[in-house]
Every structure is written in structure tokens, then in C-alpha cells.
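**Q** For reference, the structure I am asking about is given below.
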Amino acid sequence: MESAPNTIANFESTTLVYTQRMSEIVRKLHGLYRGPGPAGRRFRYGVLVFDVSTVLFFVVSSMVEMTPWILAADYAIALVMIVDFTAQTVIAPRKWRHLLRPITLADLVVIGSLLAPMVFENMAFLRVVRVLRLLRSYHVLAELRDTFPFFRRHEDTIQSALNLMVFVFFVTALVYVMQVEVNPKINNYVDALYFTVTTLTTTGFGDITLQGGQGRLLAVIIMVVGVALFLRLVQTIFRPQKVRHPCPTCGLARHDPDAVHCKHCGAGLKIATDGDWG
């Protein structure tokens with residue numbers, strides 16, 4: 001029979017091996033999600049492509065009847081999201097703060113909607129928020145700037161367009177979830193999107209109206225708050241392009257691409273260009 005000291009030694013050895021393996025896994029995950037190497041860069045681009053493809057899938061699948069292949073795709077997406085969610089939680093330095101982030105909670109809602117579509121049928125459209133989070137990542141933004149000169153030149157416009165897309169589809173999701181069961185004129189996301197866009201643009205054809213007290217309250221919120229935010233986001237897309245170059249004197253970070261002096265303090269600027277003047 002094995003003695004107590006040997007048992008304790010075996011337990012400690014097993015624990016040490018387990019700890020080392022977990023540390024190695026965390027190190028590899030950290031390299032994939034946040035590391036500067038080519039493997040991490042390819043992985044993050046792959047995740048970005050996956051998220052954009054998933055959003056497109058949800059948009060298209062919301063317009064057709066639920067079929068076995070759509071249900072199978074939902075489960076497959078849910079599995080990938082669970083793995084991704086677990087990996088990001090493992091490498092998070094402050095796990096509770098990570099778990100309580102609004103975007104993390106939205107991911108949990110989406111995973112629930114995919115695993116139990118009859119219970120959370122319409123919440124999966126919140127998946128669009130995940131794309132916004134990916135383009136808020138420091139590493140992804142830095143890589144996009146380094147890899148694509150077009151993104152570097154038009155980063156603010158792309159970010160504003162993305163914000164606008166997320167805002168419109170989020171409001172559309174609220175309209176659809178609250179009205180699809182009670183409003184005969186809203187049968188799919190296209191109907192909800194049509195109402196949302198006509199309301200936000202103040203066109204207001206009037207052929208679709210929200211039903212019930214909650215619907216009217218939502219319409220008031222969209223008209224009062226949504227229209228102001230929508231116009232602000234549209235304005236940021238079409239405003240003249242600026243470049244990021246902190247002024248050495250006053251710190252003003254945004255300037256015209258051909259600026260020679262800072263508009264705030266008049267200090268000289270040396271803004272780098274993508275080409276040469278020769």
C-alpha cells in the first residue's frame with residue numbers, strides 16, 4: 001500500500017504538471033488573442049471574418065423560415081462562440097470585470113439564443129455588437145492600420161459607419177422583438193428595418209406604425225433620442241477627413257491632411273504622408 005508521503009508527493013507532482021499545462025495553454029491563448037506574432041495576427045483576422053460572416057448569416061436567416069440546416073448552423077456558431085468566450089475569459093486579467101462587461105453579457109444572450117432558439121428566438125441579432133467590439137480592439141486596429149493603407153487613411157469614417165450600422169440594427173432588433181408578436185405589419189427584420197430607417201431619417205411614410213403602449217413609447221424614444229444620434233453618426237461619416245498627429249505644443253490630435261501649422265496654437269507640424277513628393 002502506498003504510504004502517505006508518497007501519495008502527497010504524487011498529488012503535488014500531478015498538480016504541478018496540471019498548473020504548467022494550464023500556464024502553457026494561457027500563454028498560447030494570449031499569443032493568439034493579443035500577441036504580436038504572425039500566428040496571432042492571422043487568428044484575429046480569422047475571428048474578424050467569422051464575426052462579419054455570422055452577422056450576414058443572421059441577417060439572411062432572419063428573412064426565411066427555420067430549417068434544419070439553419071438550426072445546425074446556429075449550433076455550430078454557438079459552439080465556436082462558447083470556445084471563444086471561454087478562451088477570452090481565461091486570459092482576462094480581471095475575470096469578473098470581463099464577465100460583467102455589456103458586450104460580454106450580450107455574447108451570453110446570443111449564445112443562449114442559439115442554443116435555445118424557441119426561448120430567445122430574436123436576441124441573436126445582437127451578434128452585430130460583437131463586430132463593434134472587435135474593431136475596438138487595440139491589436140486589430142493596429143494591424144489594420146499597418147496592413148491596409150486605405151483603412152489607415154479612412155479609419156474614422158469606417159469606425160463611424162460601423163457605429164451607424166450597429167446603432168441601426170440594434171434599434172431594428174428592439175422594434176422587431178417588441179412588435180413581431182403583436183403587430184401584423186411587422187413580420188420580419190426587413191419590416192422592422194424599414195420602420196426604423198424611415199423613422200430615423202424623419203421620412204415617416206406612416207404605412208407601418210408601432211402598436212400598443214410599449215410600441216408607442218419605443219417610437220417616442222426612437223424619434224427623440226434615436227434621430228439625434230442617427231444624425232450625429234451620419235455627420236461624422238461625411239465630415240472632412242482628419243489625420244491623427246498630436247501637436248508637439250498643445251497636444252491637439254486631429255488635423256487636416258495637408259496642415260502645416262496647428263489650428264489651435266500655431267505650432268509647426270510635420271505630418272507624415274503615404275508617398276513622396278518627388
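Identifiers for the C-alpha cells are assigned positionally: chains receive A, B, ... in sequence, residues are indexed from 1 per chain, and ligands are indexed from 1 in the order shown.
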Apply DSSP to the backbone of this structure and, from region 11-181 of chain A, keep only the residues in helix (DSSP H, G or I); write these as a ChimeraX atom specification.

**A** /A:11-34,38-61,68-91,95-99,102-115,123-134,138-147,149-153,155-179

**Q** The selected residues should be written to file as a compact mmCIF listing (two decimals), in the first residue's frame (atoms: C-alpha atoms).

**A**
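Result file follows (out-v7.txt):
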```txt
# COMPACT_ATOMS: atom_id res chain seq x y z
CA PHE A 11 -0.59 14.69 -5.74
CA GLU A 12 1.81 17.63 -5.70
CA SER A 13 3.53 16.35 -8.83
CA THR A 14 0.19 15.97 -10.63
CA THR A 15 -0.87 19.44 -9.50
CA LEU A 16 2.41 20.91 -10.73
CA VAL A 17 2.04 19.24 -14.14
CA TYR A 18 -1.57 20.48 -14.39
CA THR A 19 -0.52 24.02 -13.45
CA GLN A 20 2.27 24.01 -16.01
CA ARG A 21 -0.06 22.77 -18.74
CA MET A 22 -2.65 25.42 -17.88
CA SER A 23 0.03 28.11 -17.90
CA GLU A 24 1.15 26.94 -21.33
CA ILE A 25 -2.44 26.99 -22.62
CA VAL A 26 -2.98 30.50 -21.25
CA ARG A 27 0.28 31.63 -22.83
CA LYS A 28 -0.73 30.25 -26.23
CA LEU A 29 -4.20 31.79 -25.99
CA HIS A 30 -2.71 35.12 -25.01
CA GLY A 31 -0.45 34.94 -28.05
CA LEU A 32 -3.40 34.25 -30.34
CA TYR A 33 -5.68 36.97 -28.97
CA ARG A 34 -3.14 39.65 -28.10
CA PRO A 38 2.07 36.37 -37.37
CA ALA A 39 0.07 33.46 -35.91
CA GLY A 40 -1.85 35.79 -33.63
CA ARG A 41 -2.42 38.24 -36.46
CA ARG A 42 -3.84 35.54 -38.75
CA PHE A 43 -6.01 34.24 -35.90
CA ARG A 44 -7.51 37.66 -35.15
CA TYR A 45 -8.20 38.29 -38.82
CA GLY A 46 -9.90 34.90 -38.94
CA VAL A 47 -12.07 35.79 -35.96
CA LEU A 48 -12.96 39.10 -37.60
CA VAL A 49 -14.00 37.33 -40.81
CA PHE A 50 -16.02 34.82 -38.77
CA ASP A 51 -17.90 37.57 -36.97
CA VAL A 52 -18.72 39.53 -40.10
CA SER A 53 -19.87 36.32 -41.83
CA THR A 54 -22.02 35.45 -38.84
CA VAL A 55 -23.73 38.83 -38.87
CA LEU A 56 -24.53 38.39 -42.57
CA PHE A 57 -25.84 34.90 -41.83
CA PHE A 58 -28.19 36.22 -39.14
CA VAL A 59 -29.47 38.94 -41.44
CA VAL A 60 -30.24 36.47 -44.22
CA SER A 61 -31.59 33.69 -41.99
CA PRO A 68 -32.70 22.00 -40.11
CA TRP A 69 -29.58 23.37 -41.80
CA ILE A 70 -30.13 26.83 -40.27
CA LEU A 71 -30.60 25.22 -36.85
CA ALA A 72 -27.40 23.19 -37.36
CA ALA A 73 -25.54 26.37 -38.34
CA ASP A 74 -26.85 28.06 -35.19
CA TYR A 75 -25.48 25.26 -33.03
CA ALA A 76 -22.13 25.34 -34.83
CA ILE A 77 -21.85 29.11 -34.34
CA ALA A 78 -22.83 28.69 -30.69
CA LEU A 79 -20.05 26.13 -30.21
CA VAL A 80 -17.45 28.47 -31.70
CA MET A 81 -18.72 31.33 -29.56
CA ILE A 82 -18.55 29.22 -26.41
CA VAL A 83 -14.94 28.29 -27.15
CA ASP A 84 -14.11 31.93 -27.89
CA PHE A 85 -15.93 33.14 -24.77
CA THR A 86 -14.12 30.61 -22.58
CA ALA A 87 -10.72 31.47 -24.07
CA GLN A 88 -11.19 35.21 -23.58
CA THR A 89 -12.36 34.66 -20.00
CA VAL A 90 -9.31 32.50 -19.24
CA ILE A 91 -6.83 35.15 -20.43
CA LYS A 95 -12.29 37.95 -14.91
CA TRP A 96 -15.27 39.38 -13.04
CA ARG A 97 -14.87 42.74 -14.73
CA HIS A 98 -14.64 40.94 -18.08
CA LEU A 99 -17.79 38.90 -17.35
CA PRO A 102 -22.02 44.81 -21.54
CA ILE A 103 -20.59 43.23 -24.69
CA THR A 104 -19.71 40.04 -22.78
CA LEU A 105 -23.27 39.87 -21.45
CA ALA A 106 -24.56 40.39 -25.00
CA ASP A 107 -22.45 37.42 -26.10
CA LEU A 108 -24.09 35.29 -23.40
CA VAL A 109 -27.53 36.34 -24.63
CA VAL A 110 -26.58 35.44 -28.20
CA ILE A 111 -25.21 32.04 -27.13
CA GLY A 112 -28.44 31.38 -25.25
CA SER A 113 -30.49 32.37 -28.29
CA LEU A 114 -28.54 29.94 -30.46
CA LEU A 115 -28.80 27.01 -28.04
CA MET A 123 -31.98 38.04 -29.40
CA ALA A 124 -29.40 36.51 -31.75
CA PHE A 125 -29.44 39.71 -33.80
CA LEU A 126 -27.43 41.35 -31.00
CA ARG A 127 -24.49 39.45 -32.55
CA VAL A 128 -23.85 42.62 -34.56
CA VAL A 129 -22.47 44.20 -31.36
CA ARG A 130 -19.58 41.74 -31.45
CA VAL A 131 -18.23 43.24 -34.67
CA LEU A 132 -18.11 46.62 -32.95
CA ARG A 133 -16.09 45.12 -30.11
CA LEU A 134 -13.56 43.53 -32.47
CA TYR A 138 -6.15 47.81 -29.95
CA HIS A 139 -4.36 44.91 -31.65
CA VAL A 140 -6.86 44.57 -34.50
CA LEU A 141 -6.84 48.31 -35.15
CA ALA A 142 -3.05 48.45 -35.14
CA GLU A 143 -2.83 45.54 -37.58
CA LEU A 144 -5.44 47.02 -39.90
CA ARG A 145 -3.52 50.31 -39.94
CA ASP A 146 -0.25 48.54 -40.75
CA THR A 147 -1.69 46.18 -43.37
CA PRO A 149 -3.29 51.94 -46.17
CA PHE A 150 -6.95 52.53 -47.11
CA PHE A 151 -8.04 51.72 -43.55
CA ARG A 152 -5.32 53.98 -42.15
CA ARG A 153 -6.50 56.90 -44.28
CA GLU A 155 -10.21 54.87 -40.12
CA ASP A 156 -12.54 57.46 -38.59
CA THR A 157 -15.04 57.14 -41.43
CA ILE A 158 -15.02 53.34 -41.20
CA GLN A 159 -15.48 53.48 -37.43
CA SER A 160 -18.36 55.94 -37.80
CA ALA A 161 -20.02 53.80 -40.48
CA LEU A 162 -19.68 50.77 -38.24
CA ASN A 163 -21.18 52.65 -35.32
CA LEU A 164 -24.07 53.70 -37.53
CA MET A 165 -24.65 50.13 -38.72
CA VAL A 166 -24.64 48.77 -35.17
CA PHE A 167 -26.97 51.51 -33.97
CA VAL A 168 -29.49 51.00 -36.77
CA PHE A 169 -29.55 47.21 -36.44
CA PHE A 170 -29.75 47.36 -32.65
CA VAL A 171 -32.80 49.65 -32.82
CA THR A 172 -34.22 47.36 -35.50
CA ALA A 173 -33.79 44.38 -33.18
CA LEU A 174 -35.69 46.19 -30.41
CA VAL A 175 -38.53 47.06 -32.79
CA TYR A 176 -38.71 43.51 -34.11
CA VAL A 177 -38.59 41.80 -30.70
CA MET A 178 -41.27 44.05 -29.22
CA GLN A 179 -43.63 44.10 -32.23
```

**Q** What's around Val182 (chain A) at 10 Å? Count only C-alpha atoms, leave out sequence neighbours fewer than 5 positions away in its own chain, and write the answer as a list of chain:residue names.

**A**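 Once the adjacent positions are removed, what remains is A:Val177, A:Asn187, A:Leu210, A:Gln211, A:Gly212, A:Gly215.
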
**Q** Write the selection just made, keeping C-alpha atoms, as a short mmCIF file (atom, residue, chain, number, x, y, z; two decimals), in the first residue's frame?

**A**
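Dumped to result17.cif:
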```cif
data_model
loop_
_atom_site.label_atom_id
_atom_site.label_comp_id
_atom_site.auth_asym_id
_atom_site.auth_seq_id
_atom_site.Cartn_x
_atom_site.Cartn_y
_atom_site.Cartn_z
CA VAL A 177 -38.59 41.80 -30.70
CA ASN A 187 -43.38 40.05 -39.86
CA LEU A 210 -45.93 50.53 -33.67
CA GLN A 211 -48.82 49.01 -31.76
CA GLY A 212 -49.67 49.20 -28.05
CA GLY A 215 -44.69 50.31 -29.06
#
```

**Q** State, in Å with one decimal place, the distance from CA of Lys185 (chain A) to CA of Gly226 (chain A).

**A**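 Between CA of Lys185 (chain A) and CA of Gly226 (chain A) the gap is 21.5 Å.
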
**Q** Near Ala228 (chain A), counting only C-alpha atoms, which residues have an atom at most 12 Å away, once you skip same-chain residues fewer than 3 positions from it, shown as a PyMOL selection string?

**A** chain A and resi 167+199-202+221-225+231-235

**Q** Have a look at CA of Thr196 (chain A) and CA of Phe238 (chain A) and let me know their distance in Å, one decimal.

**A**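 Computing the Euclidean distance for CA of Thr196 (chain A) and CA of Phe238 (chain A) yields 21.0 Å.
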
**Q** Hey, which of A:Arg244, A:Gly251, A:Gly35, A:Leu229 ends up closest to Ile271 (chain A)? Count only C-alpha atoms.

**A** A:Arg244

**Q** CA of Gly206 (chain A) and CA of Tyr194 (chain A), how far apart in Å?

**A** 11.1 Å
